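Data block for structure.txt (compact mmCIF, C-alpha atoms):
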# COMPACT_ATOMS: atom_id res chain seq x y z
CA MET A 1 12.63 65.48 -35.62
CA LYS A 2 11.49 62.04 -36.79
CA ALA A 3 13.31 59.09 -38.37
CA VAL A 4 12.46 56.72 -41.22
CA ILE A 5 14.30 53.39 -41.04
CA LEU A 6 14.47 50.80 -43.83
CA ALA A 7 14.23 47.24 -42.51
CA ALA A 8 12.62 45.23 -45.31
CA GLY A 9 15.52 43.24 -46.76
CA ARG A 10 16.10 39.51 -46.53
CA GLY A 11 19.86 39.44 -45.85
CA GLU A 12 20.55 36.60 -48.29
CA ARG A 13 24.33 36.68 -47.77
CA LEU A 14 23.81 36.12 -44.05
CA ARG A 15 21.95 32.84 -44.47
CA PRO A 16 21.41 30.49 -42.66
CA LEU A 17 21.21 33.01 -39.78
CA THR A 18 18.53 34.99 -41.65
CA GLU A 19 16.42 31.94 -42.44
CA THR A 20 14.87 32.31 -39.00
CA ARG A 21 15.13 36.06 -38.29
CA PRO A 22 15.49 39.31 -40.24
CA LYS A 23 19.07 40.51 -40.28
CA GLN A 24 18.12 43.68 -38.41
CA LEU A 25 17.59 41.45 -35.37
CA LEU A 26 20.95 39.69 -35.49
CA PRO A 27 22.60 40.23 -32.09
CA VAL A 28 25.89 42.06 -31.55
CA GLY A 29 27.16 43.05 -28.14
CA GLY A 30 24.00 41.73 -26.49
CA LEU A 31 21.47 43.71 -28.58
CA PRO A 32 19.93 43.34 -32.04
CA LEU A 33 21.54 45.57 -34.67
CA LEU A 34 18.43 47.69 -35.01
CA GLU A 35 18.20 48.33 -31.28
CA TRP A 36 21.66 49.91 -31.27
CA SER A 37 20.41 52.42 -33.85
CA LEU A 38 17.16 53.14 -32.03
CA ARG A 39 18.97 53.74 -28.74
CA GLY A 40 21.32 56.09 -30.57
CA LEU A 41 18.39 58.04 -32.02
CA SER A 42 16.87 58.40 -28.56
CA GLU A 43 20.19 59.65 -27.20
CA VAL A 44 20.36 62.48 -29.77
CA GLY A 45 16.79 63.53 -29.04
CA ILE A 46 14.87 61.87 -31.87
CA ASN A 47 11.80 60.41 -30.23
CA GLU A 48 9.64 59.08 -33.07
CA ALA A 49 10.50 56.61 -35.84
CA LEU A 50 8.80 54.82 -38.72
CA ILE A 51 10.25 51.41 -39.57
CA VAL A 52 9.59 50.13 -43.09
CA THR A 53 9.31 46.33 -42.97
CA HIS A 54 8.62 43.34 -45.22
CA TYR A 55 10.59 40.14 -44.50
CA MET A 56 9.63 38.54 -41.16
CA GLU A 57 8.15 41.85 -40.08
CA ASP A 58 6.20 40.28 -37.22
CA LYS A 59 9.49 39.36 -35.52
CA ILE A 60 10.65 42.97 -35.74
CA LYS A 61 7.34 44.19 -34.33
CA ASP A 62 7.42 41.63 -31.52
CA GLN A 63 11.01 42.54 -30.60
CA LEU A 64 10.57 46.32 -30.61
CA GLY A 65 6.92 46.79 -29.68
CA ASP A 66 5.93 50.44 -29.50
CA GLY A 67 9.47 51.46 -28.50
CA THR A 68 8.65 52.48 -24.93
CA ARG A 69 11.53 50.50 -23.38
CA LEU A 70 13.93 52.13 -25.88
CA GLY A 71 12.77 55.66 -25.22
CA ILE A 72 11.37 56.20 -28.70
CA SER A 73 7.89 55.92 -30.23
CA ILE A 74 7.90 53.33 -33.03
CA ASN A 75 5.50 53.10 -35.95
CA PHE A 76 5.57 50.57 -38.80
CA ALA A 77 4.88 50.67 -42.54
CA HIS A 78 4.60 47.53 -44.68
CA GLN A 79 6.41 47.47 -48.03
CA ASP A 80 4.35 45.15 -50.24
CA GLU A 81 7.25 44.51 -52.61
CA VAL A 82 10.91 45.24 -51.97
CA LYS A 83 11.44 47.60 -54.91
CA GLY A 84 14.42 49.56 -53.62
CA THR A 85 15.40 52.22 -51.15
CA ALA A 86 13.60 55.12 -52.87
CA HIS A 87 10.35 53.14 -52.92
CA ALA A 88 10.80 52.34 -49.23
CA PHE A 89 11.51 55.93 -48.18
CA ALA A 90 8.41 57.08 -50.13
CA LEU A 91 6.30 55.18 -47.58
CA GLY A 92 7.39 57.72 -44.97
CA GLU A 93 6.01 60.82 -46.70
CA ASP A 94 2.78 61.07 -44.73
CA PHE A 95 4.59 60.21 -41.52
CA VAL A 96 7.12 63.06 -41.72
CA GLY A 97 4.89 65.63 -43.46
CA ASP A 98 6.76 68.84 -44.25
CA ASP A 99 9.41 68.34 -41.56
CA GLU A 100 13.06 67.39 -41.92
CA PHE A 101 13.85 63.80 -40.97
CA ILE A 102 16.70 61.35 -40.56
CA GLY A 103 16.56 58.34 -42.86
CA PHE A 104 18.85 55.31 -42.78
CA TYR A 105 19.20 51.60 -43.45
CA GLY A 106 18.46 49.48 -40.40
CA ASP A 107 20.86 46.63 -41.15
CA GLY A 108 24.14 48.38 -40.35
CA PHE A 109 25.92 49.04 -37.08
CA ILE A 110 25.59 52.76 -36.29
CA ALA A 111 27.22 54.37 -33.26
CA VAL A 112 25.50 57.34 -31.66
CA GLU A 113 28.48 59.53 -32.69
CA SER A 114 27.46 59.09 -36.34
CA PHE A 115 24.00 60.50 -35.74
CA LYS A 116 25.61 63.38 -33.86
CA ALA A 117 27.99 64.05 -36.77
CA VAL A 118 25.13 64.27 -39.29
CA LEU A 119 23.08 66.54 -37.04
CA ASP A 120 26.07 68.79 -36.30
CA ALA A 121 26.95 69.18 -39.99
CA HIS A 122 23.39 69.86 -41.11
CA GLU A 123 22.15 73.27 -42.22
CA THR A 124 18.38 73.83 -42.23
CA GLY A 125 16.91 73.49 -45.72
CA GLU A 126 19.77 71.39 -47.08
CA THR A 127 20.17 67.62 -47.37
CA THR A 128 23.01 66.03 -45.41
CA LEU A 129 24.58 62.69 -46.22
CA GLY A 130 26.83 60.69 -43.89
CA VAL A 131 30.04 59.51 -45.58
CA ILE A 132 32.99 57.50 -44.37
CA PRO A 133 36.55 57.13 -45.69
CA ILE A 134 37.11 53.67 -47.18
CA ASP A 135 39.80 52.06 -49.33
CA ASP A 136 37.37 50.43 -51.73
CA PRO A 137 33.84 51.86 -52.05
CA SER A 138 32.87 49.44 -54.85
CA ARG A 139 30.60 47.41 -52.56
CA LEU A 140 28.72 50.54 -51.51
CA ALA A 141 28.23 53.90 -53.25
CA ALA A 142 31.18 56.21 -53.89
CA VAL A 143 30.69 59.88 -53.05
CA GLU A 144 32.46 62.65 -54.96
CA LEU A 145 32.74 66.07 -53.29
CA ASP A 146 33.42 69.67 -54.15
CA GLY A 147 34.47 71.06 -50.80
CA ASP A 148 31.84 69.96 -48.29
CA TYR A 149 29.16 69.30 -50.89
CA VAL A 150 28.26 66.18 -52.87
CA ILE A 151 28.48 66.49 -56.64
CA ARG A 152 28.03 62.83 -57.61
CA LEU A 153 27.00 59.47 -56.19
CA LEU A 154 28.10 56.28 -57.92
CA GLU A 155 26.28 53.12 -56.80
CA LYS A 156 28.73 50.18 -56.63
CA PRO A 157 31.28 51.76 -59.02
CA GLN A 158 33.46 49.66 -61.29
CA GLN A 159 37.24 49.81 -60.97
CA GLY A 160 38.54 53.05 -62.51
CA GLU A 161 35.13 54.71 -62.58
CA THR A 162 35.97 57.06 -59.70
CA THR A 163 38.95 58.08 -57.61
CA SER A 164 36.82 58.80 -54.56
CA LYS A 165 37.71 57.11 -51.29
CA LEU A 166 34.48 58.16 -49.59
CA ALA A 167 31.50 55.83 -49.29
CA ASN A 168 27.85 56.58 -48.69
CA THR A 169 26.73 55.15 -45.35
CA GLY A 170 23.01 55.43 -46.09
CA ILE A 171 22.49 57.87 -43.21
CA TYR A 172 20.62 60.92 -44.51
CA LEU A 173 19.03 64.06 -43.16
CA PHE A 174 16.34 64.94 -45.70
CA ASN A 175 13.70 67.61 -46.06
CA SER A 176 10.37 66.94 -47.75
CA GLU A 177 11.80 67.98 -51.14
CA ILE A 178 13.27 64.49 -51.49
CA PHE A 179 9.81 63.01 -52.05
CA ASP A 180 9.34 65.04 -55.24
CA HIS A 181 12.56 63.58 -56.62
CA ILE A 182 11.65 60.07 -55.48
CA ARG A 183 8.51 60.35 -57.62
CA ASP A 184 10.73 61.21 -60.61
CA THR A 185 13.19 58.38 -59.97
CA GLY A 186 13.33 55.63 -62.60
CA ILE A 187 14.32 52.00 -62.28
CA SER A 188 18.08 51.50 -61.96
CA SER A 189 20.22 49.00 -63.84
CA ARG A 190 19.72 46.69 -60.86
CA GLY A 191 15.96 46.80 -61.34
CA GLU A 192 15.22 48.94 -58.28
CA TYR A 193 14.16 52.46 -57.38
CA GLU A 194 17.26 53.69 -55.56
CA VAL A 195 17.39 56.72 -53.28
CA THR A 196 20.93 57.47 -54.46
CA ASP A 197 19.39 58.18 -57.87
CA SER A 198 16.83 60.43 -56.17
CA ILE A 199 19.67 62.32 -54.49
CA GLY A 200 21.32 62.64 -57.90
CA LEU A 201 18.17 64.34 -59.19
CA LEU A 202 18.21 66.57 -56.12
CA ILE A 203 21.77 67.66 -56.94
CA GLU A 204 20.86 68.25 -60.60
CA SER A 205 18.03 70.54 -59.47
CA GLY A 206 20.58 72.81 -57.80
CA ALA A 207 19.87 71.79 -54.20
CA ASN A 208 22.73 71.57 -51.73
CA VAL A 209 23.67 68.09 -50.49
CA LYS A 210 26.25 68.37 -47.77
CA ALA A 211 28.63 65.60 -46.69
CA ALA A 212 29.14 64.79 -43.02
CA ILE A 213 32.31 62.81 -42.36
CA LEU A 214 31.52 60.12 -39.79
CA PRO A 215 33.99 58.82 -37.19
CA ALA A 216 36.10 55.92 -38.43
CA ASN A 217 34.36 53.29 -36.27
CA GLY A 218 30.98 54.99 -36.24
CA TRP A 219 29.33 52.98 -38.97
CA MET A 220 29.70 49.71 -40.82
CA ASP A 221 27.68 47.74 -43.31
CA VAL A 222 26.77 44.30 -41.97
CA GLY A 223 26.29 42.33 -45.16
CA HIS A 224 28.47 39.25 -44.61
CA PRO A 225 28.81 36.79 -41.72
CA TRP A 226 32.28 38.05 -40.79
CA ASP A 227 30.90 41.60 -40.55
CA LEU A 228 28.87 40.45 -37.56
CA LEU A 229 32.07 39.74 -35.63
CA GLU A 230 33.47 43.20 -36.41
CA ALA A 231 30.17 44.85 -35.41
CA ASN A 232 30.16 42.77 -32.24
CA ALA A 233 33.68 43.95 -31.41
CA ARG A 234 32.72 47.60 -31.94
CA ALA A 235 29.68 47.20 -29.72
CA LEU A 236 31.70 45.55 -26.97
CA ASN A 237 34.36 48.25 -27.03
CA GLY A 238 31.94 50.46 -25.11
CA LEU A 239 31.01 47.78 -22.57
CA VAL A 240 30.88 48.64 -18.87
CA SER A 241 31.28 45.80 -16.37
CA SER A 242 28.09 44.62 -14.68
CA PHE A 243 27.68 41.51 -12.54
CA SER A 244 24.14 40.33 -11.81
CA GLY A 245 24.66 36.58 -11.74
CA ASP A 246 26.24 34.01 -9.42
CA ILE A 247 30.05 34.00 -9.64
CA GLU A 248 31.62 31.07 -7.80
CA GLU A 249 35.00 31.06 -6.08
CA ASN A 250 38.17 30.84 -8.18
CA VAL A 251 36.67 32.65 -11.17
CA SER A 252 39.11 35.13 -12.78
CA ILE A 253 37.73 38.24 -14.50
CA TYR A 254 39.84 40.72 -16.45
CA GLY A 255 38.59 43.68 -18.47
CA PRO A 256 34.96 44.72 -18.96
CA VAL A 257 32.50 41.84 -18.54
CA HIS A 258 28.70 41.89 -18.38
CA ILE A 259 27.09 38.95 -16.58
CA GLY A 260 23.30 38.86 -16.80
CA LYS A 261 20.77 38.13 -14.09
CA GLY A 262 20.48 34.48 -13.15
CA THR A 263 23.69 33.46 -14.92
CA ARG A 264 26.10 31.12 -13.15
CA ILE A 265 29.87 31.27 -13.71
CA ARG A 266 31.38 28.12 -12.28
CA SER A 267 34.70 27.72 -10.50
CA GLY A 268 37.93 27.79 -12.51
CA THR A 269 36.51 29.84 -15.36
CA TYR A 270 38.69 32.62 -16.82
CA LEU A 271 36.88 35.58 -18.39
CA GLU A 272 38.98 37.99 -20.45
CA GLY A 273 36.86 40.95 -21.52
CA PRO A 274 35.26 42.57 -23.25
CA ILE A 275 32.63 39.84 -22.93
CA TYR A 276 28.85 39.97 -22.85
CA ILE A 277 26.93 37.10 -21.20
CA GLY A 278 23.14 37.28 -21.10
CA ALA A 279 20.65 36.13 -18.49
CA CYS A 280 20.21 32.62 -17.08
CA SER A 281 23.27 31.12 -18.77
CA ASP A 282 25.60 28.55 -17.21
CA ILE A 283 29.34 28.69 -17.92
CA GLY A 284 31.98 26.21 -16.74
CA PRO A 285 33.63 24.92 -14.74
CA ASN A 286 37.14 25.55 -16.05
CA CYS A 287 36.22 27.47 -19.20
CA TYR A 288 38.25 30.13 -20.99
CA ILE A 289 36.07 32.85 -22.52
CA ARG A 290 38.27 35.16 -24.58
CA PRO A 291 37.81 38.78 -25.71
CA TYR A 292 35.01 39.98 -27.99
CA THR A 293 32.69 37.10 -27.23
CA SER A 294 28.94 37.61 -26.86
CA ILE A 295 26.94 34.84 -25.26
CA GLY A 296 23.16 35.04 -25.24
CA SER A 297 20.61 34.04 -22.62
CA ALA A 298 19.98 30.47 -21.42
CA VAL A 299 23.24 29.26 -22.98
CA ARG A 300 25.10 26.31 -21.46
CA ILE A 301 28.86 26.03 -21.98
CA GLY A 302 30.25 22.90 -20.35
CA ASN A 303 33.49 21.94 -18.64
CA ALA A 304 36.82 22.97 -20.16
CA CYS A 305 35.51 24.79 -23.23
CA GLU A 306 37.21 27.73 -24.93
CA ILE A 307 35.24 30.41 -26.76
CA LYS A 308 37.05 33.20 -28.61
CA ASN A 309 35.75 36.23 -30.55
CA SER A 310 32.40 34.58 -31.23
CA ILE A 311 28.67 35.14 -31.02
CA VAL A 312 26.65 32.37 -29.37
CA MET A 313 22.93 33.04 -29.53
CA ASP A 314 20.21 32.19 -27.01
CA SER A 315 19.57 28.66 -25.73
CA SER A 316 22.52 26.99 -27.43
CA HIS A 317 24.47 24.24 -25.67
CA ILE A 318 28.20 23.68 -26.15
CA ALA A 319 29.25 20.49 -24.40
CA HIS A 320 32.55 19.93 -22.59
CA LEU A 321 35.99 19.93 -24.22
CA SER A 322 34.89 22.04 -27.21
CA TYR A 323 36.50 25.01 -28.96
CA PHE A 324 34.74 27.76 -30.90
CA GLY A 325 36.79 30.56 -32.41
CA ASP A 326 35.80 33.50 -34.65
CA SER A 327 32.40 31.90 -35.24
CA VAL A 328 28.72 32.82 -35.27
CA ILE A 329 26.39 30.28 -33.67
CA GLY A 330 22.62 30.51 -33.99
CA ALA A 331 19.99 29.93 -31.33
CA GLY A 332 18.95 26.57 -29.92
CA CYS A 333 21.98 24.61 -31.18
CA ASN A 334 23.44 21.58 -29.44
CA PHE A 335 27.09 20.60 -29.91
CA GLY A 336 28.42 17.26 -28.77
CA ALA A 337 31.50 16.98 -26.55
CA GLY A 338 34.75 17.64 -28.35
CA THR A 339 33.27 19.76 -31.16
CA ILE A 340 36.12 21.85 -32.60
CA THR A 341 35.99 24.75 -35.04
CA ALA A 342 39.11 25.48 -37.04
CA ASN A 343 39.54 29.18 -37.70
CA ILE A 344 42.80 29.31 -39.69
CA ARG A 345 43.52 27.64 -43.02
CA PHE A 346 46.45 25.24 -42.99
CA ASP A 347 48.11 27.32 -45.73
CA LYS A 348 47.31 30.59 -43.86
CA LYS A 349 45.49 32.06 -46.89
CA TYR A 350 42.33 34.16 -46.69
CA ILE A 351 39.24 32.19 -45.77
CA LYS A 352 36.47 31.88 -48.36
CA MET A 353 32.78 31.15 -47.91
CA ASN A 354 29.90 30.21 -50.19
CA LEU A 355 27.43 33.10 -50.33
CA LYS A 356 24.46 33.34 -52.71
CA GLY A 357 25.97 30.77 -55.05
CA SER A 358 29.41 32.37 -55.26
CA ARG A 359 32.72 31.68 -53.54
CA VAL A 360 33.53 34.88 -51.64
CA ASN A 361 36.86 35.91 -50.13
CA SER A 362 36.22 37.08 -46.57
CA GLY A 363 39.45 39.05 -46.36
CA CYS A 364 39.96 37.32 -43.01
CA ARG A 365 42.84 35.04 -42.15
CA LYS A 366 40.95 33.99 -39.02
CA PHE A 367 37.32 33.02 -39.40
CA GLY A 368 35.56 29.93 -38.13
CA VAL A 369 32.06 28.72 -38.95
CA VAL A 370 28.48 29.91 -39.17
CA VAL A 371 25.79 27.64 -37.75
CA GLY A 372 22.06 28.22 -38.19
CA ASP A 373 19.43 27.83 -35.49
CA SER A 374 18.51 24.45 -33.95
CA SER A 375 21.40 22.49 -35.45
CA GLN A 376 23.44 19.86 -33.70
CA THR A 377 26.65 17.86 -33.89
CA GLY A 378 27.65 14.54 -32.40
CA ILE A 379 30.81 14.10 -30.35
CA ASN A 380 34.28 14.77 -31.77
CA VAL A 381 33.18 16.75 -34.83
CA SER A 382 35.66 19.10 -36.50
CA LEU A 383 34.39 22.00 -38.61
CA LEU A 384 36.87 23.58 -41.02
CA PRO A 385 37.20 27.35 -41.63
CA GLY A 386 34.47 29.05 -43.65
CA ILE A 387 31.97 26.22 -43.31
CA LYS A 388 28.25 26.91 -42.98
CA VAL A 389 25.94 24.50 -41.19
CA GLY A 390 22.34 25.30 -42.03
CA SER A 391 19.46 25.62 -39.62
CA GLU A 392 18.03 22.37 -38.24
CA ALA A 393 20.97 20.43 -39.70
CA TRP A 394 22.70 17.48 -38.05
CA VAL A 395 26.30 16.30 -38.20
CA ALA A 396 27.07 12.73 -37.16
CA PRO A 397 29.80 11.96 -34.58
CA GLY A 398 33.47 11.87 -35.51
CA LEU A 399 33.30 13.72 -38.83
CA ILE A 400 35.62 16.33 -40.32
CA VAL A 401 33.27 18.76 -42.07
CA ASP A 402 34.90 20.41 -45.11
CA GLU A 403 31.75 21.30 -47.09
CA ASP A 404 28.62 23.24 -46.18
CA VAL A 405 25.74 21.30 -44.67
CA PRO A 406 22.39 22.55 -46.07
CA SER A 407 19.53 23.45 -43.78
CA GLY A 408 17.43 20.45 -42.78
CA TYR A 409 20.08 17.91 -43.87
CA PHE A 410 21.90 15.18 -41.92
CA LEU A 411 25.58 14.77 -42.72
CA LYS A 412 26.81 11.30 -41.90
CA LYS A 413 29.71 9.22 -43.15
CA GLY A 414 29.62 9.04 -46.92
CA GLU A 415 26.37 10.91 -47.52
CA CYS A 416 24.28 13.98 -46.75
CA VAL A 417 20.54 13.32 -46.71
CA LEU A 418 17.41 15.30 -45.99
CA ARG A 419 16.36 14.58 -42.44
CA ASN A 420 12.76 14.19 -43.60
CA ASP A 421 13.89 11.37 -45.90
CA MET A 422 15.69 9.41 -43.18
CA GLU A 423 14.37 6.02 -42.28
CA SER A 424 13.04 5.84 -38.75
Encoded form using structure tokens:
Amino acid sequence: MKAVILAAGRGERLRPLTETRPKQLLPVGGLPLLEWSLRGLSEVGINEALIVTHYMEDKIKDQLGDGTRLGISINFAHQDEVKGTAHAFALGEDFVGDDEFIGFYGDGFIAVESFKAVLDAHETGETTLGVIPIDDPSRLAAVELDGDYVIRLLEKPQQGETTSKLANTGIYLFNSEIFDHIRDTGISSRGEYEVTDSIGLLIESGANVKAAILPANGWMDVGHPWDLLEANARALNGLVSSFSGDIEENVSIYGPVHIGKGTRIRSGTYLEGPIYIGACSDIGPNCYIRPYTSIGSAVRIGNACEIKNSIVMDSSHIAHLSYFGDSVIGAGCNFGAGTITANIRFDKKYIKMNLKGSRVNSGCRKFGVVVGDSSQTGINVSLLPGIKVGSEAWVAPGLIVDEDVPSGYFLKKGECVLRNDMES
């Protein structure tokens, strides 16, 4: 069996992290999101995949290559315009021919158990759709069932439109019949050709669409910055300890910890797993790295720093006496000594963040900051909860940052200016 994977989207709500990479390559638990899915496919015996790309597709191709190291043969198809999921799946018709195939969205976190659940539930000749229980399916697509079979799909339903507590995960096992219905699919109210509408036509034709209930932690949509931390935690829950670096005396290690080749853990450091640390990084001395932290390769974390439940991407530098909690830090950043992220509002209310021009409630009482690639702070900077610092942005020493800093800007006392407009 083959797979068709959709990986064309821009991930606007995940900016500034997606200004410099497609969201399918955002790292959780030491691997890009898409690699977790591809490894899962290989584990269930699917050995050939077509990835439909558009935004920053060269980075996806460079990262994955032909799939040899992942145990799966990878092919690519370019989507000229991002016209919706049905349009994207249509690009796989020649690739899969008359065979059944797994199709899914490449920007979620999918555990191998979810692929197994869909395959186990599937009956030859039917379509199978992975669903998951959820309190509020309004951000996804609600699925209504009659027994084990789908009778209706509602894309992003309004309140009161359905009583269903099942959401579509976007993991499908199709046969070639779906392509006939994709050709008959019209443009949705959102201006796209949506595969959920194609499945609706499939149901109307009398075909069976079976629901496979996925394990509770087997899938999640990664559409917001805070979702990355949850996906990272799920990935790290399966971590097995592995020590390939140099661990000095008086280092304390508890729980599962991965330490990559060439990494140095200096004396006095306390590691409380699960923690992933990549290759050629340098941690300590006297650091406290707390659970559910992923640290990339070539990262430097200086003396007496504390990192908690965070993602720190490759080649970033966190200088001494700094604290980062519940935060996502891009690649190639440089933080001055004493940089502190606040991760709890003073009034203990839910933390909000500006996403795509709207103020969005994260639903989190603990969430720190998101920093894009190649940004830097001076010494003694404090970043308040829910703040975004754009890519290649600067923050001057000694500031309390309570508003987002746009990409390419320099925040200094009393003003925020484009770095290109600064006087030399």
Per residue of segment 130-228 of chain A within 12 Å of segment 31-42 of chain A, note the shortest atom pair and the distance in Å to one decimal, counting only C-alpha atoms, and order the rows by chain and increasing residue number, as JSON lines.
{"residue": "A:Ile171", "atom": "CA", "partner": "A:Ser37", "partner_atom": "CA", "distance": 11.0}
{"residue": "A:Gly218", "atom": "CA", "partner": "A:Ser37", "partner_atom": "CA", "distance": 11.1}
{"residue": "A:Trp219", "atom": "CA", "partner": "A:Ser37", "partner_atom": "CA", "distance": 10.3}
{"residue": "A:Met220", "atom": "CA", "partner": "A:Leu33", "partner_atom": "CA", "distance": 11.0}
{"residue": "A:Asp221", "atom": "CA", "partner": "A:Leu33", "partner_atom": "CA", "distance": 10.8}
{"residue": "A:Val222", "atom": "CA", "partner": "A:Leu33", "partner_atom": "CA", "distance": 9.1}
{"residue": "A:Gly223", "atom": "CA", "partner": "A:Leu33", "partner_atom": "CA", "distance": 12.0}
{"residue": "A:Asp227", "atom": "CA", "partner": "A:Leu33", "partner_atom": "CA", "distance": 11.7}
{"residue": "A:Leu228", "atom": "CA", "partner": "A:Leu33", "partner_atom": "CA", "distance": 9.4}
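Closest approach to Val4 of chain A among A:Val328, A:Val371, A:Leu91, A:Val417 is made by A:Leu91 (distances from all atoms listed in the file).
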- request: Compile the contact shell of segment 257-261 of chain A as a ChimeraX atom specification: residues with an atom at most 10 Å away, counting all atoms listed in the file, same-chain residues fewer than 2 positions apart removed.
  value: /A:29-30,236,239-247,253-255,263-265,271-281,291-297
I'd like the contact shell of Val381 of chain A - 9 Å cut-off, only C-alpha atoms, skipping same-chain residues fewer than 4 positions apart - returned as a PyMOL selection string. chain A and resi 335-341+377+395-401
Residues from last step as file, C-alpha atoms, as a compact mmCIF listing (two decimals), in the coordinates of the input:
# COMPACT_ATOMS: atom_id res chain seq x y z
CA PHE A 335 27.09 20.60 -29.91
CA GLY A 336 28.42 17.26 -28.77
CA ALA A 337 31.50 16.98 -26.55
CA GLY A 338 34.75 17.64 -28.35
CA THR A 339 33.27 19.76 -31.16
CA ILE A 340 36.12 21.85 -32.60
CA THR A 341 35.99 24.75 -35.04
CA THR A 377 26.65 17.86 -33.89
CA VAL A 395 26.30 16.30 -38.20
CA ALA A 396 27.07 12.73 -37.16
CA PRO A 397 29.80 11.96 -34.58
CA GLY A 398 33.47 11.87 -35.51
CA LEU A 399 33.30 13.72 -38.83
CA ILE A 400 35.62 16.33 -40.32
CA VAL A 401 33.27 18.76 -42.07
Q.
Residues proximal to (28.9, 32.9, -31.5) were defined as those with any atom within 8 Å of that point in the file's coordinates, counting only C-alpha atoms. Which are they, as number ranges by chain?
A. A: 293-295, 309-313, 324, 326-330
Output file for the residues above (C-alpha atoms, as a compact mmCIF listing (two decimals), keeping the file's coordinate frame):
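Contents of again-v4.txt, as written:
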# COMPACT_ATOMS: atom_id res chain seq x y z
CA THR A 293 32.69 37.10 -27.23
CA SER A 294 28.94 37.61 -26.86
CA ILE A 295 26.94 34.84 -25.26
CA ASN A 309 35.75 36.23 -30.55
CA SER A 310 32.40 34.58 -31.23
CA ILE A 311 28.67 35.14 -31.02
CA VAL A 312 26.65 32.37 -29.37
CA MET A 313 22.93 33.04 -29.53
CA PHE A 324 34.74 27.76 -30.90
CA ASP A 326 35.80 33.50 -34.65
CA SER A 327 32.40 31.90 -35.24
CA VAL A 328 28.72 32.82 -35.27
CA ILE A 329 26.39 30.28 -33.67
CA GLY A 330 22.62 30.51 -33.99
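Of the residues under consideration (A:His181, A:Ser267, A:Pro256, A:Gly170), A:Pro256 shows the shortest atom-to-atom contact distance to Asn237 of chain A when counting all atoms listed in the file.
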| task | Name all residues at most 6 Å from segment 202-215 of chain A (count only C-alpha atoms; drop same-chain ones fewer than 6 positions away) and give them as number ranges by chain. | result | A: 114, 118, 121, 126-132, 148-150
Shortest contact to Phe174 of chain A, candidates A:Val299, A:Leu50, A:Ala3, A:Ile318, atoms counted all atoms listed in the file, goes to A:Ala3
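Taking atom CA of Asp135 of chain A and atom CA of Ala8 of chain A as the two end points, the separation is 28.3 Å.
Of note, atom CA of Ser252 of chain A and atom CA of Ser316 of chain A are spaced 23.6 Å apart.
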At a cut-off of 7 Å, using all atoms listed in the file, what residues contact Thr53 of chain A? Leave out same-chain residues fewer than 2 positions from it and give the result as a PyMOL selection string.
chain A and resi 6-8+51+55+57+77-79
* Using all atoms listed in the file, determine which residues lie at most 10 Å from His87 of chain A, disregarding the query and same-chain residues fewer than 6 positions distant; provide the list as a ChimeraX atom specification. => /A:79,81,179,182-183,185,192-195
The distance between atom CA of Ile5 of chain A and atom CA of Ala49 of chain A is 7.2 Å
